[in-house]
Amino acid sequence: MSEISTEYEINNCVFAFILGVALGQDPNFIVGVGIEDVTGPAADVNMMGYAHPGQTSRGIHTRLYSRAFIFCEVGNSDKCEVFVVVDFAMGATAINIGVFERLKTLYGSMYTEKNVAICGTHTHSGPAGYLQYFVFDATSQGFVHDAYDNLVEGIFQSIRIAHENRAPSFVYHSTGELLDANINRSPYAYEANPANERARYTHDVDKVMTVLKILGEDMSDRGLISFFPVHPVSMNNTNRLLSSDNKGYASYIIEMEKNPGTFHGQGDFVAAFANTNQGDVSPNLEGAKCLDTGEDCDRITSTCNGRTALCVGVGPGKDMFESTKIIGERQANKAMELYNSAGHLLDGTVGFVHQHVDMTDFDVELDGGGTVKTCKGAFGYSFAAGATDGAGFFPFTQSETETMPYLEVLRDALLKEPSAELVACQAPKPVLLPIGEMHTPWEWAPSIIDTQMLRLGEFVMIVVPAEFSTMAGRRLRETITDYLENDGLSGAAAEIVGLSNTYSDYVVTEEEYQTQRYEAASTIFGPNTLRAYQQQYTYLSEKLMEGSQPTQGPPIPNLLAEMGTTLADPEGDEDDVNIVTGLGPKIGELIMDTDAKYRQGGVAMATFIAGNPRNDVFRMRDDTFLKVQRRVGLGNNWNDVYTDADFCTRFLWDRASTSRRGGSVSHATVVWDIPLDQTLGDYRLAHKGYRKDSVKGDIFCYEESYSSSFEVVSASYTEDRTSSSS
């Protein structure tokens with residue numbers, strides 16, 4: 001925070017220069033910005049990303065948001081495109097279907113799949129169960145309605161807010177290197193690429209951040225979009241708290257700086273951190289280490305003593321919370337540096353193209369003549385090994401190119417034997433799960449996907465429905481940039497926007513595919529996938545430059561009516577009372593109080609009897625399960641200081657016991673990591689929520705409850721006797 005504040009002061013001269021250049025120029029776009037809560041269920045729901053069934057939510061680290069940006073041409077306010085960055089794992093067909101239905105009710109045909117792109121930051125600490133294909137919902141026990149409904153509503157509302165505040169604006173483009181925020185987690189695969197190609201690049205991951213700066217007609221700050229490749233997996237697979245991870249924290253830092261006096265998510269300035277070609281890119285800067293020895297993992301198989309579970313990416317912080325903070329701060333600081341120095345005003349042209357493509361039957365034209373095809377979807381054995389950021393299961397390892405006969409027997413009996421055609425098409429991948437041929441209980445994997453491009457003057461977003469490896473992204477970006485330049489778009493700057501619309505796993509180069517690391521084993525459409533995308537996006541580039549739309553392509557199926565769930569609704573909530581005497585604490589009451597005094601930098605905690613956080617997820621959107629309040633004056637007047645959207649707070653929930661009356665007793669713990677620069681004074685912690693009657697099933701709010709007041713004293717405070725308040 002201090003670095004950014006210093007940059008504001010240093011860059012006053014830069015801002016004055018930009019202001020001077022802009023004077024006499026008209027705004028280049030009509031722009032709207034919007035932000036809305038999409039947090040969803042904070043209890044009992046599997047998290048999307050690591051695919052570990054036991055990683056279910058147990059509270060909130062930070063709230064999750066949808067950030068929407070609408071860009072329209074000046075003088076043609078109906079020619080618009082919408083770019084949405086959401087704190088969730090990835091875009092999803094089911095989400096798009098729901099959002100477009102809502103948009104149609106207000107705006108008719110103004111915002112559709114053609115000009116709206118919805119992408120995920122790729123946090124692995126958000127609710128699962130919102131994608132329409134079974135393979136992505138298996139660990140969440142199927143479709144989770146409260147996760148889906150909150151995402152659809154929040155994304156829609158962020159777009160509505162952006163639409164309503166559209167105004168003439170200046171949009172600038174800037175790029176710069178960020179060197180200390182990402183590493184390659186599969187260097188063995190990267191090194192399979194041709195040596196002469198690798199020699200063109202200094203690093204084995206992309207280090208360039210792109211920033212779009214949005215100023216109002218009066219040169220007021222309105223928004224920022226950052227594009228940078230890194231997995232938001234600083235919060236590891238032991239985490240049970242909903243979290244926007246490092247990219248969300250980067251947004252938090254800037255939005256709190258730019259919206260003083262507001263709570264997070266309620267300000268006018270919106271800062272989004274989109275992902276690019278992050279498929280093989282990790283934030284765990286110390287690399288993959290063996291938990292048992294501290295040594296480096298085997299670089300080919302990512303194992304320690306033959307087991308992937310012992311090989312874990314670590315650093316740069318002492319724990320996952322500190323690592324999230326460090327990587328988030330580095331992205332935020334670089335983004336603000338580029339924001340403050342941005343001086344290239346984009347040409348005011350808006351353009352967009354979109355087409356559905358069947359990626360299971362795509363004819364790829366070879367440079368020397370002839371064609372090859374993509375494949376029906378399949379995961380290889382190394383998919384089950386997981387990545388070093390989140391290990392999978394024994395006996396699987398990375399770089400596995402041989403089948404395991406005993407597992408094939410089990411798979412064929414319990415699931416589906418892959419066809420000979422699929423096995424041949426996917427080679428050298430040993431097929432573990434033939435998801436493109438699996439249709440029960442509903443379709444396991446996508447076949448028809450969205451391809452899309454958005455243009456803002458010279459800046460073109462290549463909106464892809466997958467996670468591209470570093471080199472795969474470089475090849476696609478170069479292919480499209482060269483085409484645009486040759487077709488007359490001088491100074492063309494193309495950027496990958498990953499994890500968008502219909503998620504379809506990974507894309508690697510053909511050379512990387514041969515190694516069958518995790519990313520290659522998860523390239524579900526086979527070894528020719530990248531070349532298919534290069535061909536398709538070249539075609540879209542042609543249409544973009546022509547200003548015409550391609551044919552729609554085959555329709556994407558709507559599976560919402562077919563999707564089921566085995567996830568039970570929350571049981572009723574009970575007071576923690578003695579069944580005989582009726583005595584004991586009731587829901588909302590305090591059961592573990594704070595200490596009387598804490599130093600700056602200390603940790604204050606209080607625990608309450610609580611309701612299940614899933615009881616009314618919809619009404620808790622834009623609300624908070626906790627508050628940190630500061631006393632004003634000498635009386636009983638209190639001001640809210642922090643909520644569960646703040647990085648320094650944590651809302652922890654657990655089911656303490658199950659009642660014989662059919663309900664359960666839950667605990668909610670409010671945790672406040674007191675900042676080192678926190679204002680001294682008297683504070684208290686508060687909790688609220690909703691309870692469900694265990695007999696009638698009615699849901700209602702219980703009143704806000706409070707800890708005792710406590711004093712925050714200086715970090716250097718000492719007293720004569722031993723204190724428990726440190």
# chains A, B, ... in the order shown; residues from 1 in each chain; ligands from 1
$ residues_around --residues "region 689-695 of chain A" --least-positions-apart "4" --cutoff "7 Å" --atoms "only C-alpha atoms" --output "list in words"
Glu571, Gly572, Asp573, Gly611, Asn612, Pro613, Asn615, Asp616, Phe625, Gly662, Gly663, Ile699, Phe700, Cys701 and Tyr702 of chain A
$ select_by_dssp --residues "region 490-632 of chain A" --states "strand (DSSP E or B)" --output "ChimeraX atom specification"
/A:493-497,500,506-507,565,572-573,590-592,597-599,603-610,626-632
$ write_last_selection --atoms "N, CA, C and O atoms" --output "short mmCIF file (atom, residue, chain, number, x, y, z; two decimals), in the first residue's frame"
data_model
loop_
_atom_site.label_atom_id
_atom_site.label_comp_id
_atom_site.auth_asym_id
_atom_site.auth_seq_id
_atom_site.Cartn_x
_atom_site.Cartn_y
_atom_site.Cartn_z
N ALA A 493 -1.84 -4.91 -31.03
CA ALA A 493 -1.41 -5.53 -29.77
C ALA A 493 -2.47 -6.54 -29.36
O ALA A 493 -3.55 -6.17 -28.90
N ALA A 494 -2.18 -7.82 -29.59
CA ALA A 494 -3.14 -8.88 -29.28
C ALA A 494 -2.78 -9.51 -27.94
O ALA A 494 -1.61 -9.69 -27.62
N GLU A 495 -3.79 -9.84 -27.15
CA GLU A 495 -3.57 -10.47 -25.85
C GLU A 495 -4.54 -11.63 -25.66
O GLU A 495 -5.71 -11.56 -26.03
N ILE A 496 -4.00 -12.72 -25.12
CA ILE A 496 -4.83 -13.87 -24.75
C ILE A 496 -5.69 -13.51 -23.55
O ILE A 496 -5.21 -12.91 -22.58
N VAL A 497 -6.96 -13.88 -23.59
CA VAL A 497 -7.83 -13.80 -22.42
C VAL A 497 -8.35 -15.20 -22.17
O VAL A 497 -9.18 -15.71 -22.93
N SER A 500 -12.44 -18.41 -20.54
CA SER A 500 -13.62 -17.61 -20.92
C SER A 500 -14.73 -18.48 -21.50
O SER A 500 -14.47 -19.49 -22.16
N TYR A 506 -7.18 -27.53 -20.99
CA TYR A 506 -5.88 -26.96 -21.34
C TYR A 506 -5.58 -27.02 -22.84
O TYR A 506 -6.20 -27.79 -23.59
N VAL A 507 -4.58 -26.20 -23.24
CA VAL A 507 -4.04 -26.24 -24.60
C VAL A 507 -2.52 -26.10 -24.48
O VAL A 507 -2.02 -25.13 -23.89
N THR A 565 -28.28 -33.25 -8.70
CA THR A 565 -27.38 -33.05 -7.56
C THR A 565 -27.68 -34.06 -6.48
O THR A 565 -28.82 -34.54 -6.35
N GLY A 572 -31.63 -28.05 9.65
CA GLY A 572 -32.03 -26.95 10.51
C GLY A 572 -30.95 -26.60 11.52
O GLY A 572 -30.04 -27.38 11.79
N ASP A 573 -31.05 -25.40 12.09
CA ASP A 573 -30.08 -24.92 13.08
C ASP A 573 -30.68 -25.00 14.47
O ASP A 573 -31.87 -24.70 14.67
N LEU A 590 -22.78 -15.10 22.01
CA LEU A 590 -21.34 -15.20 22.12
C LEU A 590 -20.96 -16.36 23.03
O LEU A 590 -21.52 -16.52 24.11
N ILE A 591 -20.01 -17.21 22.60
CA ILE A 591 -19.56 -18.32 23.46
C ILE A 591 -18.05 -18.26 23.74
O ILE A 591 -17.58 -18.91 24.66
N MET A 592 -17.30 -17.51 22.94
CA MET A 592 -15.88 -17.28 23.25
C MET A 592 -15.58 -15.82 22.99
O MET A 592 -15.69 -15.35 21.87
N LYS A 597 -7.43 -6.62 25.51
CA LYS A 597 -6.46 -5.72 24.89
C LYS A 597 -5.66 -6.49 23.84
O LYS A 597 -5.31 -7.65 24.04
N TYR A 598 -5.40 -5.83 22.69
CA TYR A 598 -4.56 -6.42 21.64
C TYR A 598 -3.60 -5.36 21.11
O TYR A 598 -3.96 -4.19 21.00
N ARG A 599 -2.41 -5.79 20.81
CA ARG A 599 -1.46 -4.89 20.16
C ARG A 599 -1.75 -4.80 18.66
O ARG A 599 -2.31 -5.73 18.07
N VAL A 603 -4.00 -10.60 16.80
CA VAL A 603 -5.15 -11.27 16.20
C VAL A 603 -6.28 -11.33 17.22
O VAL A 603 -6.13 -11.97 18.28
N ALA A 604 -7.40 -10.68 16.93
CA ALA A 604 -8.58 -10.71 17.80
C ALA A 604 -9.56 -11.75 17.27
O ALA A 604 -9.76 -11.86 16.06
N MET A 605 -10.18 -12.49 18.19
CA MET A 605 -11.12 -13.54 17.79
C MET A 605 -12.30 -13.59 18.75
O MET A 605 -12.15 -13.33 19.94
N ALA A 606 -13.46 -13.95 18.20
CA ALA A 606 -14.64 -14.21 19.02
C ALA A 606 -15.49 -15.25 18.32
O ALA A 606 -15.56 -15.27 17.08
N THR A 607 -16.14 -16.12 19.09
CA THR A 607 -16.94 -17.21 18.52
C THR A 607 -18.39 -17.10 18.99
O THR A 607 -18.65 -16.81 20.17
N PHE A 608 -19.31 -17.37 18.07
CA PHE A 608 -20.75 -17.27 18.32
C PHE A 608 -21.44 -18.57 17.90
O PHE A 608 -20.97 -19.28 17.01
N ILE A 609 -22.58 -18.87 18.54
CA ILE A 609 -23.47 -19.89 18.01
C ILE A 609 -24.09 -19.31 16.73
O ILE A 609 -24.53 -18.16 16.72
N ALA A 610 -24.13 -20.10 15.66
CA ALA A 610 -24.46 -19.53 14.36
C ALA A 610 -25.44 -20.40 13.58
O ALA A 610 -25.69 -21.56 13.93
N LEU A 626 -19.70 -10.67 9.21
CA LEU A 626 -18.95 -10.13 10.34
C LEU A 626 -18.72 -8.63 10.17
O LEU A 626 -18.79 -8.10 9.06
N LYS A 627 -18.45 -7.99 11.27
CA LYS A 627 -18.03 -6.59 11.27
C LYS A 627 -16.96 -6.40 12.34
O LYS A 627 -16.99 -7.05 13.38
N VAL A 628 -16.04 -5.50 12.04
CA VAL A 628 -15.16 -4.94 13.06
C VAL A 628 -15.61 -3.50 13.25
O VAL A 628 -15.68 -2.74 12.29
N GLN A 629 -15.95 -3.15 14.48
CA GLN A 629 -16.49 -1.82 14.76
C GLN A 629 -15.58 -1.08 15.75
O GLN A 629 -14.99 -1.69 16.65
N ARG A 630 -15.53 0.25 15.58
CA ARG A 630 -14.72 1.10 16.47
C ARG A 630 -15.63 2.06 17.23
O ARG A 630 -16.55 2.65 16.65
N ARG A 631 -15.37 2.19 18.51
CA ARG A 631 -16.17 3.10 19.33
C ARG A 631 -15.90 4.55 18.93
O ARG A 631 -14.75 4.96 18.70
N VAL A 632 -16.98 5.31 18.85
CA VAL A 632 -16.88 6.74 18.54
C VAL A 632 -17.24 7.51 19.80
O VAL A 632 -18.35 7.36 20.34
#
$ closest_residue --among "A:Thr262, A:Asn284, A:Thr594, A:Thr112" --to "Tyr642 (chain A)" --atoms "only C-alpha atoms"
A:Thr262
$ residues_around --residues "Glu113 (chain A)" --least-positions-apart "5" --cutoff "9 Å" --atoms "only C-alpha atoms" --output "ChimeraX atom specification"
/A:96-97,100,354,450,452,501
$ closest_residue --among "A:Ser490, A:Thr718, A:Thr105, A:Thr479" --to "Gln536 (chain A)" --atoms "only C-alpha atoms"
A:Thr479
$ residues_around --residues "Ser522 (chain A)" --least-positions-apart "4" --cutoff "7 Å" --atoms "only C-alpha atoms" --output "NGL selection string"
:A and (379-380 or 383 or 505-506 or 518)
$ write_last_selection --atoms "C-alpha atoms" --output "PDB file, in the first residue's frame"
ATOM      1  CA  PHE A 379      -8.001 -37.032 -20.000  1.00  0.00           C
ATOM      2  CA  GLY A 380      -4.659 -38.778 -19.789  1.00  0.00           C
ATOM      3  CA  PHE A 383      -4.426 -35.553 -15.290  1.00  0.00           C
ATOM      4  CA  ASP A 505      -9.427 -27.438 -19.989  1.00  0.00           C
ATOM      5  CA  TYR A 506      -5.880 -26.961 -21.344  1.00  0.00           C
ATOM      6  CA  TYR A 518      -0.440 -32.558 -16.281  1.00  0.00           C
TER       7      TYR A 518
END
$ residues_around --residues "Ala68 (chain A)" --least-positions-apart "4" --cutoff "12 Å" --atoms "only C-alpha atoms" --output "MDAnalysis selection string"
chainID A and resid 31:37 81:87 116:120 154:166 223:225 268:274
$ closest_residue --among "A:Arg475, A:Gly488, A:Gly54, A:Ile524" --to "Leu432 (chain A)" --atoms "only C-alpha atoms"
A:Ile524
$ atom_distance --atom1 "CA of Glu286 (chain A)" --atom2 "CA of Arg517 (chain A)"
19.7 Å
$ closest_atom_pairs --of "region 287-374 of chain A" --to "region 190-210 of chain A" --cutoff "10 Å" --atoms "only C-alpha atoms" --output "JSON lines"
{"residue": "A:Gln331", "atom": "CA", "partner": "A:Met209", "partner_atom": "CA", "distance": 8.6}
{"residue": "A:Lys334", "atom": "CA", "partner": "A:Met209", "partner_atom": "CA", "distance": 7.9}
{"residue": "A:Ala335", "atom": "CA", "partner": "A:Met209", "partner_atom": "CA", "distance": 7.5}
{"residue": "A:Leu338", "atom": "CA", "partner": "A:Thr210", "partner_atom": "CA", "distance": 8.1}
{"residue": "A:Tyr339", "atom": "CA", "partner": "A:Thr210", "partner_atom": "CA", "distance": 9.6}
$ residues_around --residues "Arg477 (chain A)" --least-positions-apart "6" --cutoff "12 Å" --atoms "only C-alpha atoms" --output "list of chain:residue names"
A:Asp206, A:Thr276, A:Asn277, A:Phe459, A:Val460, A:Met461, A:Ile462, A:Val463, A:Val464, A:Phe468, A:Ser469, A:Thr470, A:Met471, A:Tyr483, A:Leu484, A:Ala492, A:Ala493, A:Ala494, A:Glu495, A:Ile496, A:Val497, A:Leu530, A:Tyr533, A:Gln534, A:Tyr537, A:Thr538, A:Ser541
$ closest_residue --among "A:Glu329, A:Glu337, A:Glu153, A:Glu437" --to "Val211 (chain A)" --atoms "only C-alpha atoms"
A:Glu337
$ residues_around --residues "Asn28 (chain A)" --least-positions-apart "6" --cutoff "10 Å" --atoms "only C-alpha atoms" --output "PyMOL selection string"
chain A and resi 71-74+168-172+217+345-349+456-457
$ write_last_selection --atoms "N, CA and C atoms" --output "compact mmCIF listing (two decimals), in the first residue's frame"
# COMPACT_ATOMS: atom_id res chain seq x y z
N PHE A 71 -17.62 -1.10 -23.41
CA PHE A 71 -16.96 -0.14 -24.31
C PHE A 71 -17.84 0.05 -25.54
N CYS A 72 -18.19 1.29 -25.83
CA CYS A 72 -19.01 1.63 -27.00
C CYS A 72 -18.29 2.68 -27.84
N GLU A 73 -18.60 2.70 -29.11
CA GLU A 73 -18.01 3.72 -29.97
C GLU A 73 -18.66 5.07 -29.72
N VAL A 74 -17.86 6.11 -29.74
CA VAL A 74 -18.39 7.47 -29.63
C VAL A 74 -19.19 7.76 -30.90
N PRO A 168 -18.70 9.24 -21.70
CA PRO A 168 -17.49 9.48 -22.52
C PRO A 168 -16.23 9.32 -21.68
N SER A 169 -15.27 8.58 -22.21
CA SER A 169 -14.06 8.27 -21.44
C SER A 169 -12.85 8.15 -22.36
N PHE A 170 -11.69 8.27 -21.72
CA PHE A 170 -10.41 8.04 -22.40
C PHE A 170 -9.90 6.67 -21.99
N VAL A 171 -9.47 5.86 -22.96
CA VAL A 171 -8.91 4.54 -22.67
C VAL A 171 -7.49 4.49 -23.21
N TYR A 172 -6.54 4.23 -22.29
CA TYR A 172 -5.12 4.17 -22.62
C TYR A 172 -4.62 2.73 -22.50
N GLU A 217 -14.29 11.81 -18.81
CA GLU A 217 -14.10 12.98 -19.68
C GLU A 217 -13.42 14.12 -18.94
N LEU A 345 -3.10 6.52 -26.20
CA LEU A 345 -4.55 6.57 -26.32
C LEU A 345 -4.98 5.68 -27.49
N LEU A 346 -5.85 4.72 -27.21
CA LEU A 346 -6.27 3.79 -28.24
C LEU A 346 -7.18 4.45 -29.26
N ASP A 347 -7.10 3.96 -30.49
CA ASP A 347 -8.06 4.35 -31.51
C ASP A 347 -9.45 3.90 -31.05
N GLY A 348 -10.47 4.69 -31.32
CA GLY A 348 -11.79 4.46 -30.75
C GLY A 348 -12.67 3.46 -31.46
N THR A 349 -12.08 2.49 -32.14
CA THR A 349 -12.88 1.49 -32.86
C THR A 349 -13.28 0.35 -31.94
N LEU A 456 -10.53 -3.16 -29.24
CA LEU A 456 -10.57 -1.77 -28.78
C LEU A 456 -9.44 -1.04 -29.51
N GLY A 457 -9.73 -0.50 -30.65
CA GLY A 457 -8.70 0.15 -31.45
C GLY A 457 -7.63 -0.84 -31.86
